[in-house]
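Content type compact mmCIF, C-alpha atoms and all ligand atoms, from the file work16.txt:
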```txt
# COMPACT_ATOMS: atom_id res chain seq x y z
CA MET A 1098 53.50 -17.88 70.48
CA ARG A 1099 50.73 -20.37 70.12
CA ILE A 1100 47.23 -19.76 68.79
CA THR A 1101 44.39 -22.17 69.55
CA VAL A 1102 41.06 -21.88 67.77
CA ILE A 1103 38.27 -21.96 70.37
CA GLY A 1104 35.36 -20.85 68.19
CA PHE A 1105 35.12 -20.57 64.42
CA TRP A 1106 31.48 -20.09 63.44
CA GLY A 1107 29.98 -16.90 62.12
CA ALA A 1108 26.63 -15.70 63.48
CA TYR A 1109 25.81 -18.54 65.90
CA PRO A 1110 27.47 -21.70 67.16
CA GLU A 1111 26.37 -25.08 65.89
CA GLN A 1112 25.96 -27.92 68.39
CA GLY A 1113 28.90 -28.33 70.77
CA SER A 1114 30.97 -25.49 69.36
CA ALA A 1115 31.45 -21.73 69.50
CA THR A 1116 31.59 -18.57 67.43
CA SER A 1117 34.71 -16.39 67.09
CA CYS A 1118 37.28 -16.88 69.82
CA TYR A 1119 41.03 -17.48 69.66
CA LEU A 1120 43.37 -18.27 72.54
CA LEU A 1121 46.77 -16.66 72.25
CA GLU A 1122 49.61 -17.85 74.51
CA LYS A 1123 53.27 -17.15 75.12
CA ASP A 1124 55.55 -17.57 78.13
CA GLY A 1125 52.66 -18.28 80.49
CA TYR A 1126 50.63 -15.26 79.32
CA SER A 1127 47.18 -15.99 77.83
CA CYS A 1128 44.87 -13.71 75.95
CA LEU A 1129 41.58 -14.18 74.10
CA LEU A 1130 40.87 -12.52 70.79
CA ASP A 1131 37.08 -12.15 70.74
CA CYS A 1132 34.75 -14.08 73.00
CA GLY A 1133 31.78 -15.32 71.01
CA SER A 1134 28.82 -17.50 71.86
CA GLY A 1135 29.84 -20.83 73.40
CA ALA A 1136 33.43 -19.68 73.83
CA LEU A 1137 33.50 -19.85 77.62
CA SER A 1138 32.33 -23.46 77.63
CA ARG A 1139 34.71 -24.61 74.87
CA LEU A 1140 37.65 -22.61 76.30
CA GLN A 1141 37.63 -24.73 79.46
CA SER A 1142 38.76 -27.76 77.49
CA TYR A 1143 42.06 -25.90 77.03
CA LYS A 1144 42.43 -23.35 79.77
CA ASP A 1145 41.20 -22.49 83.23
CA VAL A 1146 39.02 -19.38 82.97
CA MET A 1147 41.01 -17.65 85.73
CA ASP A 1148 44.26 -18.24 83.83
CA ILE A 1149 43.24 -15.77 81.12
CA ASP A 1150 45.25 -12.55 81.46
CA ALA A 1151 43.36 -10.33 78.99
CA VAL A 1152 40.66 -10.22 76.33
CA VAL A 1153 40.83 -8.12 73.16
CA LEU A 1154 37.65 -7.52 71.17
CA SER A 1155 37.44 -6.64 67.49
CA HIS A 1156 33.86 -5.32 67.55
CA TYR A 1157 30.57 -5.59 69.39
CA HIS A 1158 28.59 -8.04 67.28
CA ASN A 1159 27.17 -10.89 69.35
CA ASP A 1160 29.10 -13.62 67.57
CA HIS A 1161 32.27 -11.94 68.91
CA ILE A 1162 31.18 -10.81 72.38
CA ALA A 1163 28.22 -12.96 73.44
CA ASP A 1164 30.18 -14.73 76.20
CA VAL A 1165 31.76 -11.62 77.71
CA GLY A 1166 28.84 -11.43 80.15
CA VAL A 1167 29.24 -14.98 81.42
CA LEU A 1168 33.01 -14.59 81.47
CA GLN A 1169 32.43 -11.68 83.86
CA TYR A 1170 30.18 -13.89 86.01
CA SER A 1171 32.78 -16.67 86.03
CA TRP A 1172 35.41 -14.27 87.36
CA LEU A 1173 32.99 -12.91 89.94
CA VAL A 1174 32.10 -16.40 91.16
CA GLN A 1175 35.67 -17.74 91.13
CA ASN A 1176 37.03 -14.66 92.90
CA SER A 1177 34.45 -15.30 95.59
CA ILE A 1178 35.14 -19.05 95.86
CA GLN A 1179 38.91 -18.64 95.83
CA ASN A 1180 38.81 -15.55 98.04
CA THR A 1181 40.76 -13.55 95.47
CA ASN A 1182 40.29 -10.11 94.02
CA LYS A 1183 41.55 -10.50 90.47
CA VAL A 1184 40.46 -8.10 87.75
CA LEU A 1185 40.44 -9.16 84.10
CA PRO A 1186 41.26 -6.41 81.57
CA ILE A 1187 38.97 -6.46 78.53
CA TYR A 1188 40.22 -4.30 75.68
CA GLY A 1189 37.67 -2.90 73.25
CA HIS A 1190 37.26 0.13 71.04
CA SER A 1191 35.27 3.07 72.42
CA GLU A 1192 33.55 4.17 69.20
CA ASP A 1193 30.43 2.54 70.63
CA GLU A 1194 30.29 3.89 74.17
CA GLU A 1195 27.27 1.90 75.28
CA ASN A 1196 28.86 -1.45 74.44
CA PHE A 1197 32.27 -0.37 75.67
CA LYS A 1198 30.82 0.44 79.10
CA LYS A 1199 29.51 -3.12 79.45
CA LEU A 1200 33.09 -4.44 79.51
CA THR A 1201 33.51 -3.15 83.04
CA HIS A 1202 31.95 -5.31 85.76
CA ASN A 1203 32.80 -6.38 89.32
CA SER A 1204 35.81 -8.43 88.23
CA THR A 1205 36.56 -7.04 84.80
CA LYS A 1206 37.76 -3.66 83.62
CA GLY A 1207 37.03 -2.30 80.14
CA ILE A 1208 40.06 -0.64 78.61
CA SER A 1209 39.74 1.40 75.45
CA TYR A 1210 42.36 0.75 72.81
CA ASP A 1211 43.43 3.52 70.50
CA PRO A 1212 43.34 1.86 67.06
CA THR A 1213 45.91 4.32 65.73
CA ARG A 1214 48.49 3.15 68.26
CA VAL A 1215 50.23 -0.09 69.12
CA LEU A 1216 48.67 -1.95 72.04
CA GLU A 1217 51.19 -3.79 74.20
CA ILE A 1218 49.79 -6.55 76.35
CA GLY A 1219 52.05 -9.12 77.98
CA PRO A 1220 54.49 -10.35 75.34
CA PHE A 1221 52.29 -9.20 72.44
CA ARG A 1222 52.17 -6.05 70.36
CA ILE A 1223 48.92 -5.48 68.49
CA THR A 1224 48.30 -3.02 65.67
CA PHE A 1225 44.81 -2.32 64.39
CA MET A 1226 43.14 -1.51 61.12
CA LYS A 1227 39.54 -0.47 60.70
CA THR A 1228 37.66 -2.94 58.53
CA LYS A 1229 34.60 -2.53 56.32
CA HIS A 1230 31.67 -3.82 58.35
CA PRO A 1231 28.23 -2.52 59.38
CA VAL A 1232 29.61 -1.49 62.79
CA PRO A 1233 33.10 -0.24 63.77
CA CYS A 1234 35.41 -3.26 63.66
CA PHE A 1235 39.18 -3.63 63.83
CA ALA A 1236 41.46 -6.22 62.29
CA MET A 1237 44.56 -6.99 64.34
CA ARG A 1238 48.15 -7.71 63.50
CA VAL A 1239 49.79 -9.44 66.43
CA THR A 1240 53.48 -10.05 66.97
CA ASP A 1241 55.52 -11.48 69.80
CA GLY A 1242 58.71 -10.04 68.31
CA GLU A 1243 59.46 -13.28 66.48
CA LYS A 1244 56.36 -14.32 64.55
CA SER A 1245 53.33 -12.35 63.50
CA PHE A 1246 49.82 -13.07 62.34
CA VAL A 1247 46.85 -11.09 61.13
CA TYR A 1248 43.26 -11.64 62.24
CA THR A 1249 40.87 -9.97 59.83
CA ALA A 1250 37.97 -9.97 62.31
CA ASP A 1251 34.83 -9.22 60.24
CA SER A 1252 35.10 -7.34 56.99
CA SER A 1253 34.27 -7.22 53.33
CA TYR A 1254 37.30 -7.18 51.06
CA ILE A 1255 39.43 -4.04 51.17
CA ASP A 1256 42.83 -3.55 49.50
CA SER A 1257 44.31 -2.14 52.70
CA PHE A 1258 44.39 -5.68 54.11
CA ILE A 1259 47.34 -6.35 51.80
CA SER A 1260 49.72 -3.69 53.15
CA PHE A 1261 48.46 -4.35 56.68
CA SER A 1262 49.22 -8.07 56.36
CA GLU A 1263 52.40 -7.93 54.25
CA GLY A 1264 54.98 -10.40 55.44
CA ALA A 1265 52.98 -11.88 58.31
CA ASP A 1266 53.48 -15.59 59.03
CA LEU A 1267 49.79 -16.42 59.17
CA LEU A 1268 46.46 -14.95 58.12
CA ILE A 1269 43.33 -15.90 60.05
CA SER A 1270 40.63 -14.69 57.74
CA GLU A 1271 36.93 -14.54 58.10
CA CYS A 1272 35.39 -16.57 55.28
CA SER A 1273 31.63 -16.19 55.39
CA PHE A 1274 30.80 -17.04 51.79
CA TYR A 1275 31.67 -19.31 48.89
CA GLU A 1276 33.48 -18.04 45.84
CA ASN A 1277 30.34 -17.49 43.76
CA GLN A 1278 28.74 -15.33 46.46
CA ASP A 1279 29.34 -11.65 47.12
CA GLY A 1280 29.45 -10.66 50.80
CA THR A 1281 30.32 -7.02 50.19
CA LYS A 1282 26.93 -5.62 51.14
CA VAL A 1283 26.82 -7.44 54.47
CA GLY A 1284 30.45 -6.75 55.34
CA HIS A 1285 31.95 -10.19 54.82
CA MET A 1286 34.37 -11.99 52.50
CA ASN A 1287 34.25 -15.05 50.30
CA SER A 1288 36.90 -17.76 49.88
CA LYS A 1289 38.55 -16.14 46.85
CA GLU A 1290 38.93 -12.81 48.61
CA CYS A 1291 40.63 -14.49 51.59
CA ALA A 1292 43.02 -16.24 49.20
CA ASP A 1293 43.69 -12.98 47.34
CA ILE A 1294 44.81 -11.24 50.53
CA ALA A 1295 47.07 -14.15 51.55
CA ARG A 1296 48.65 -14.33 48.09
CA LYS A 1297 49.13 -10.60 47.55
CA ALA A 1298 50.53 -10.10 51.07
CA ASN A 1299 52.96 -13.05 50.70
CA ILE A 1300 51.66 -14.89 53.73
CA PRO A 1301 52.69 -18.57 53.84
CA GLU A 1302 49.71 -19.89 55.81
CA LEU A 1303 45.99 -19.21 55.80
CA ILE A 1304 43.31 -20.31 58.25
CA LEU A 1305 39.74 -19.85 57.04
CA SER A 1306 37.38 -19.11 59.91
CA HIS A 1307 34.01 -17.49 60.72
CA HIS A 1308 32.25 -20.20 58.74
CA PRO A 1309 28.88 -20.07 57.00
CA HIS A 1310 26.07 -22.42 58.04
CA PHE A 1311 25.37 -23.66 54.53
CA GLY A 1312 27.23 -25.66 51.91
CA ASN A 1313 30.25 -27.89 52.55
CA THR A 1314 32.85 -25.76 54.31
CA GLN A 1315 35.64 -27.96 52.87
CA ASP A 1316 34.75 -26.33 49.56
CA LEU A 1317 36.00 -23.03 50.99
CA VAL A 1318 39.49 -24.56 51.10
CA ARG A 1319 39.24 -26.05 47.60
CA GLU A 1320 38.11 -22.72 46.19
CA ALA A 1321 40.85 -20.76 47.96
CA GLN A 1322 43.48 -23.22 46.66
CA ASN A 1323 42.77 -22.02 43.12
CA TYR A 1324 44.10 -18.57 44.02
CA TYR A 1325 46.72 -19.22 46.67
CA ALA A 1326 49.57 -21.73 46.77
CA GLY A 1327 50.31 -21.54 50.50
CA ASN A 1328 49.09 -23.84 53.23
CA ILE A 1329 45.34 -23.53 53.87
CA GLN A 1330 43.48 -24.94 56.84
CA LEU A 1331 39.85 -24.81 57.76
CA ALA A 1332 39.44 -23.52 61.31
CA ARG A 1333 38.16 -26.07 63.81
CA GLU A 1334 38.09 -26.12 67.57
CA GLY A 1335 41.47 -27.08 68.98
CA LEU A 1336 43.41 -26.27 65.83
CA THR A 1337 46.72 -24.83 66.98
CA TRP A 1338 49.36 -22.81 65.19
CA GLY A 1339 52.80 -21.87 66.44
CA PHE A 1340 55.07 -23.23 69.11
ZN ZN B 1401 31.08 -12.12 63.02
ZN ZN B 1402 30.44 -8.67 62.79
```

Would you mind giving the structure from this file in structure tokens?
Amino acid sequence: MRITVIGFWGAYPEQGSATSCYLLEKDGYSCLLDCGSGALSRLQSYKDVMDIDAVVLSHYHNDHIADVGVLQYSWLVQNSIQNTNKVLPIYGHSEDEENFKKLTHNSTKGISYDPTRVLEIGPFRITFMKTKHPVPCFAMRVTDGEKSFVYTADSSYIDSFISFSEGADLLISECSFYENQDGTKVGHMNSKECADIARKANIPELILSHHPHFGNTQDLVREAQNYYAGNIQLAREGLTWGF
């Protein structure tokens, strides 16, 4: 499988970029994990919008779902232009019914995932874990049967990330704060906490994403290196992992 970072900012996208969105591909199947602000525009540098087979959403904060609405419009318009009738499945949790309902539109269908069960989509199997965040949010462990990675989505540090992530090949962690800052109250992690999860769960590679809009984000990597000996990369648009 191959992962491409489409958007990596927390909260809002800085000029020319996007908030949380990751393109997941294998054997011609393509899926988006989250669809934040700016994602639809940036995605098109890598993939035709109509070539997306599914979207899976971690939670309903705007920096993870802002472009779902325009994604729905793009499918509506392209279906009309191409005289097709394709329907895009958008998977989300149903603990927030109002937001879940919005996933269904003319050319998209909202599908509720049961976070206690494995979700099978295309070649991928996804398991979920509820995170610690102001709204219901689910981390995902994704495998294609060969490799696996964990996407923390948004969360403050919780020990259960370690057993959930144990033995994965990659951790994509939200990293909203620097080491000397405590994100617990607002439901986010700092660089040391990301490194702690990667180290304790024996994960060989770490991508720090969901960046803050202050400080020098390269410092996030330097700080994490003090607690984790594996390979650390700072998320950026177009960064790919896998084969
Ligand atoms: Zn977020
Ligand atoms: Zn959030």

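If you measure from each of A:Phe1225, A:Phe1235, A:Tyr1324, A:Phe1340 to ligand ZN 1401 (chain B) using all atoms listed in the file, the closest one turns out to be A:Phe1235.
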
Students should find that atom CA of A:Val1247 and atom CA of A:Leu1305 are spaced 12.0 Å

Between chain A and ligand ZN 1402 (chain B), at 8 Å or less, what are the per-residue closest atom pairs and their distances in Å? Count all atoms listed in the file, order by chain and rising residue number, and return it as a Markdown table.
```
| residue | atom | partner | partner_atom | distance |
| --- | --- | --- | --- | --- |
| A:His1156 | CA | B:ZN1402 | ZN | 6.8 |
| A:Tyr1157 | CA | B:ZN1402 | ZN | 7.3 |
| A:His1158 | CA | B:ZN1402 | ZN | 4.9 |
| A:Asn1159 | CA | B:ZN1402 | ZN | 7.7 |
| A:Asp1160 | CA | B:ZN1402 | ZN | 7.0 |
| A:His1161 | CA | B:ZN1402 | ZN | 7.2 |
| A:His1230 | CA | B:ZN1402 | ZN | 6.7 |
| A:Pro1231 | CA | B:ZN1402 | ZN | 7.4 |
| A:Val1232 | CA | B:ZN1402 | ZN | 7.2 |
| A:Cys1234 | CA | B:ZN1402 | ZN | 7.4 |
| A:Ala1250 | CA | B:ZN1402 | ZN | 7.7 |
| A:Asp1251 | CA | B:ZN1402 | ZN | 5.1 |
| A:Ser1252 | CA | B:ZN1402 | ZN | 7.6 |
| A:Gly1284 | CA | B:ZN1402 | ZN | 7.7 |
```

Here atom CA of A:His1190 and atom CA of A:Leu1154 stand apart by 7.7 Å

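Checking A:Ile1255, A:Val1283, A:Val1146, A:Leu1267 one by one against A:Arg1238, counting all atoms listed in the file, you find the shortest gap at A:Leu1267.
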
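Nearest residue to ligand ZN 1401 (chain B), choosing from A:Cys1118, A:Leu1303, A:Met1098, A:Val1153 and counting only C-alpha atoms and all ligand atoms: A:Cys1118.
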
One decimal place gives the atom CA of A:Ile1187-atom CA of A:Asp1150 separation as 9.2 Å

Show me, as a VMD selection string, the residues that have an atom within 7 Å of A:Ile1208 when counting all atoms listed in the file, minus same-chain residues fewer than 2 positions from it. chain A and resid 1186 to 1189 1206 1210

- [ ] List every protein, DNA or RNA residue with an atom no more than 12 Å from (53.1, -10.0, 54.3) in the file's coordinates, counting all atoms listed in the file, and format the result as number ranges by chain.
- [x] A: 1238, 1244-1247, 1257-1268, 1294-1303

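Checking A:Lys1282, A:Phe1221, A:Leu1168, A:Ala1163 one by one against ligand ZN 1401 (chain B), counting only C-alpha atoms and all ligand atoms, you find the shortest gap at A:Ala1163.
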
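For the choices A:Phe1311, A:Tyr1275, A:Trp1172, A:Tyr1248, the atom-to-atom distance to A:Leu1121 is smallest for A:Tyr1248 when using only C-alpha atoms.
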
Using all atoms listed in the file, the best pick from A:Gly1113, A:Gly1207, A:Gly1133, A:Gly1312 as closest to ligand ZN 1401 (chain B) would be A:Gly1133

Would you compute the box with edges along x, y and z of the file around stretch 1185-1202 of chain A, including every atom the file lists for it and 5 Å extra on each side, and give its centre and edge lengths in Å to one decimal, as JSON?
```
{"center_x": 34.3, "center_y": -2.5, "center_z": 77.5, "size_x": 24.0, "size_y": 23.3, "size_z": 26.6}
```

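Those residues positioned at most 10 Å from (43.1, -23.6, 59.5) are Val1102, Phe1105, Leu1267, Leu1268, Ile1269, Ser1270, Glu1302, Leu1303, Ile1304, Leu1305, Ser1306, Val1318, Asn1328, Ile1329, Gln1330, Leu1331, Ala1332, Arg1333, Glu1334, Leu1336, Thr1337 and Trp1338 of chain A, judged using all atoms listed in the file.
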
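For stretch 1164-1166 of chain A, the set of protein, DNA and RNA residues having any atom at most 7 Å away, when counting all atoms listed in the file and skipping those fewer than 2 positions along the same chain, is Cys1132, Gly1133, Ser1134, Gly1135, Ala1136, Leu1137, Ile1162, Leu1168, Gln1169 and Tyr1170 of chain A.
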
Please extract stretch 1156-1194 of chain A and write it out with N, CA and C atoms, as a tab-separated table (two decimals), in the first residue's frame.
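In the end it all went to out-v5.tsv:
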```tsv
chain	number	residue	atom	x	y	z
A	1156	HIS	N	-13.44	12.02	12.65
A	1156	HIS	CA	-14.37	12.80	13.48
A	1156	HIS	C	-14.83	14.03	12.70
A	1157	TYR	N	-15.76	14.77	13.31
A	1157	TYR	CA	-16.43	15.83	12.56
A	1157	TYR	C	-15.95	17.24	12.91
A	1158	HIS	N	-14.68	17.39	13.21
A	1158	HIS	CA	-14.12	18.74	13.32
A	1158	HIS	C	-13.77	19.24	11.91
A	1159	ASN	N	-13.93	20.55	11.72
A	1159	ASN	CA	-13.79	21.11	10.38
A	1159	ASN	C	-12.43	20.86	9.73
A	1160	ASP	N	-11.38	20.79	10.52
A	1160	ASP	CA	-10.07	20.56	9.89
A	1160	ASP	C	-9.91	19.12	9.40
A	1161	HIS	N	-10.97	18.30	9.58
A	1161	HIS	CA	-10.95	16.92	9.06
A	1161	HIS	C	-12.08	16.65	8.06
A	1162	ILE	N	-13.05	17.55	8.03
A	1162	ILE	CA	-14.20	17.29	7.13
A	1162	ILE	C	-14.61	18.50	6.27
A	1163	ALA	N	-13.88	19.60	6.37
A	1163	ALA	CA	-14.33	20.84	5.71
A	1163	ALA	C	-14.60	20.66	4.22
A	1164	ASP	N	-13.83	19.80	3.55
A	1164	ASP	CA	-13.99	19.66	2.10
A	1164	ASP	C	-14.92	18.52	1.69
A	1165	VAL	N	-15.59	17.92	2.64
A	1165	VAL	CA	-16.56	16.88	2.26
A	1165	VAL	C	-17.67	17.49	1.40
A	1166	GLY	N	-18.12	18.68	1.78
A	1166	GLY	CA	-19.18	19.34	1.02
A	1166	GLY	C	-18.81	19.60	-0.42
A	1167	VAL	N	-17.62	20.11	-0.66
A	1167	VAL	CA	-17.22	20.39	-2.05
A	1167	VAL	C	-16.83	19.11	-2.79
A	1168	LEU	N	-16.41	18.11	-2.05
A	1168	LEU	CA	-16.19	16.80	-2.68
A	1168	LEU	C	-17.53	16.26	-3.21
A	1169	GLN	N	-18.58	16.45	-2.42
A	1169	GLN	CA	-19.92	16.03	-2.87
A	1169	GLN	C	-20.33	16.78	-4.12
A	1170	TYR	N	-20.06	18.10	-4.15
A	1170	TYR	CA	-20.38	18.89	-5.35
A	1170	TYR	C	-19.57	18.42	-6.55
A	1171	SER	N	-18.30	18.10	-6.32
A	1171	SER	CA	-17.46	17.67	-7.45
A	1171	SER	C	-18.00	16.38	-8.06
A	1172	TRP	N	-18.47	15.48	-7.23
A	1172	TRP	CA	-19.04	14.23	-7.76
A	1172	TRP	C	-20.36	14.49	-8.48
A	1173	LEU	N	-21.15	15.40	-7.92
A	1173	LEU	CA	-22.41	15.75	-8.56
A	1173	LEU	C	-22.16	16.34	-9.95
A	1174	VAL	N	-21.23	17.29	-10.02
A	1174	VAL	CA	-20.92	17.96	-11.29
A	1174	VAL	C	-20.31	16.98	-12.29
A	1175	GLN	N	-19.34	16.18	-11.84
A	1175	GLN	CA	-18.67	15.26	-12.76
A	1175	GLN	C	-19.60	14.13	-13.23
A	1176	ASN	N	-20.46	13.67	-12.35
A	1176	ASN	CA	-21.46	12.68	-12.78
A	1176	ASN	C	-22.32	13.24	-13.90
A	1177	SER	N	-22.67	14.53	-13.74
A	1177	SER	CA	-23.51	15.17	-14.75
A	1177	SER	C	-22.74	15.35	-16.06
A	1178	ILE	N	-21.51	15.85	-15.98
A	1178	ILE	CA	-20.70	16.09	-17.19
A	1178	ILE	C	-20.40	14.77	-17.91
A	1179	GLN	N	-20.06	13.76	-17.14
A	1179	GLN	CA	-19.64	12.49	-17.73
A	1179	GLN	C	-20.81	11.53	-17.97
A	1180	ASN	N	-22.02	12.03	-17.61
A	1180	ASN	CA	-23.21	11.20	-17.78
A	1180	ASN	C	-23.08	9.86	-17.07
A	1181	THR	N	-22.59	9.93	-15.85
A	1181	THR	CA	-22.45	8.72	-15.03
A	1181	THR	C	-23.31	8.86	-13.78
A	1182	ASN	N	-23.38	7.82	-13.05
A	1182	ASN	CA	-24.25	7.78	-11.86
A	1182	ASN	C	-23.51	7.19	-10.66
A	1183	LYS	N	-22.25	7.57	-10.53
A	1183	LYS	CA	-21.42	6.95	-9.48
A	1183	LYS	C	-21.79	7.51	-8.10
A	1184	VAL	N	-21.67	6.67	-7.12
A	1184	VAL	CA	-21.93	7.08	-5.73
A	1184	VAL	C	-20.69	6.79	-4.89
A	1185	LEU	N	-20.22	7.81	-4.20
A	1185	LEU	CA	-19.02	7.69	-3.37
A	1185	LEU	C	-19.42	7.33	-1.93
A	1186	PRO	N	-18.94	6.22	-1.39
A	1186	PRO	CA	-19.22	5.91	0.02
A	1186	PRO	C	-18.33	6.73	0.95
A	1187	ILE	N	-18.96	7.39	1.91
A	1187	ILE	CA	-18.20	8.14	2.92
A	1187	ILE	C	-18.51	7.52	4.29
A	1188	TYR	N	-17.48	6.94	4.86
A	1188	TYR	CA	-17.64	6.25	6.15
A	1188	TYR	C	-17.37	7.20	7.30
A	1189	GLY	N	-18.31	7.26	8.24
A	1189	GLY	CA	-18.13	8.09	9.42
A	1189	GLY	C	-18.81	7.43	10.61
A	1190	HIS	N	-18.47	7.87	11.80
A	1190	HIS	CA	-19.16	7.31	12.97
A	1190	HIS	C	-20.53	7.97	13.09
A	1191	SER	N	-21.45	7.30	13.79
A	1191	SER	CA	-22.81	7.84	13.90
A	1191	SER	C	-23.13	8.28	15.34
A	1192	GLU	N	-22.08	8.59	16.11
A	1192	GLU	CA	-22.32	9.09	17.47
A	1192	GLU	C	-22.78	10.55	17.44
A	1193	ASP	N	-22.61	11.18	16.29
A	1193	ASP	CA	-23.10	12.54	16.08
A	1193	ASP	C	-24.00	12.47	14.84
A	1194	GLU	N	-25.29	12.25	15.10
A	1194	GLU	CA	-26.22	11.96	14.00
A	1194	GLU	C	-26.34	13.10	12.99
```
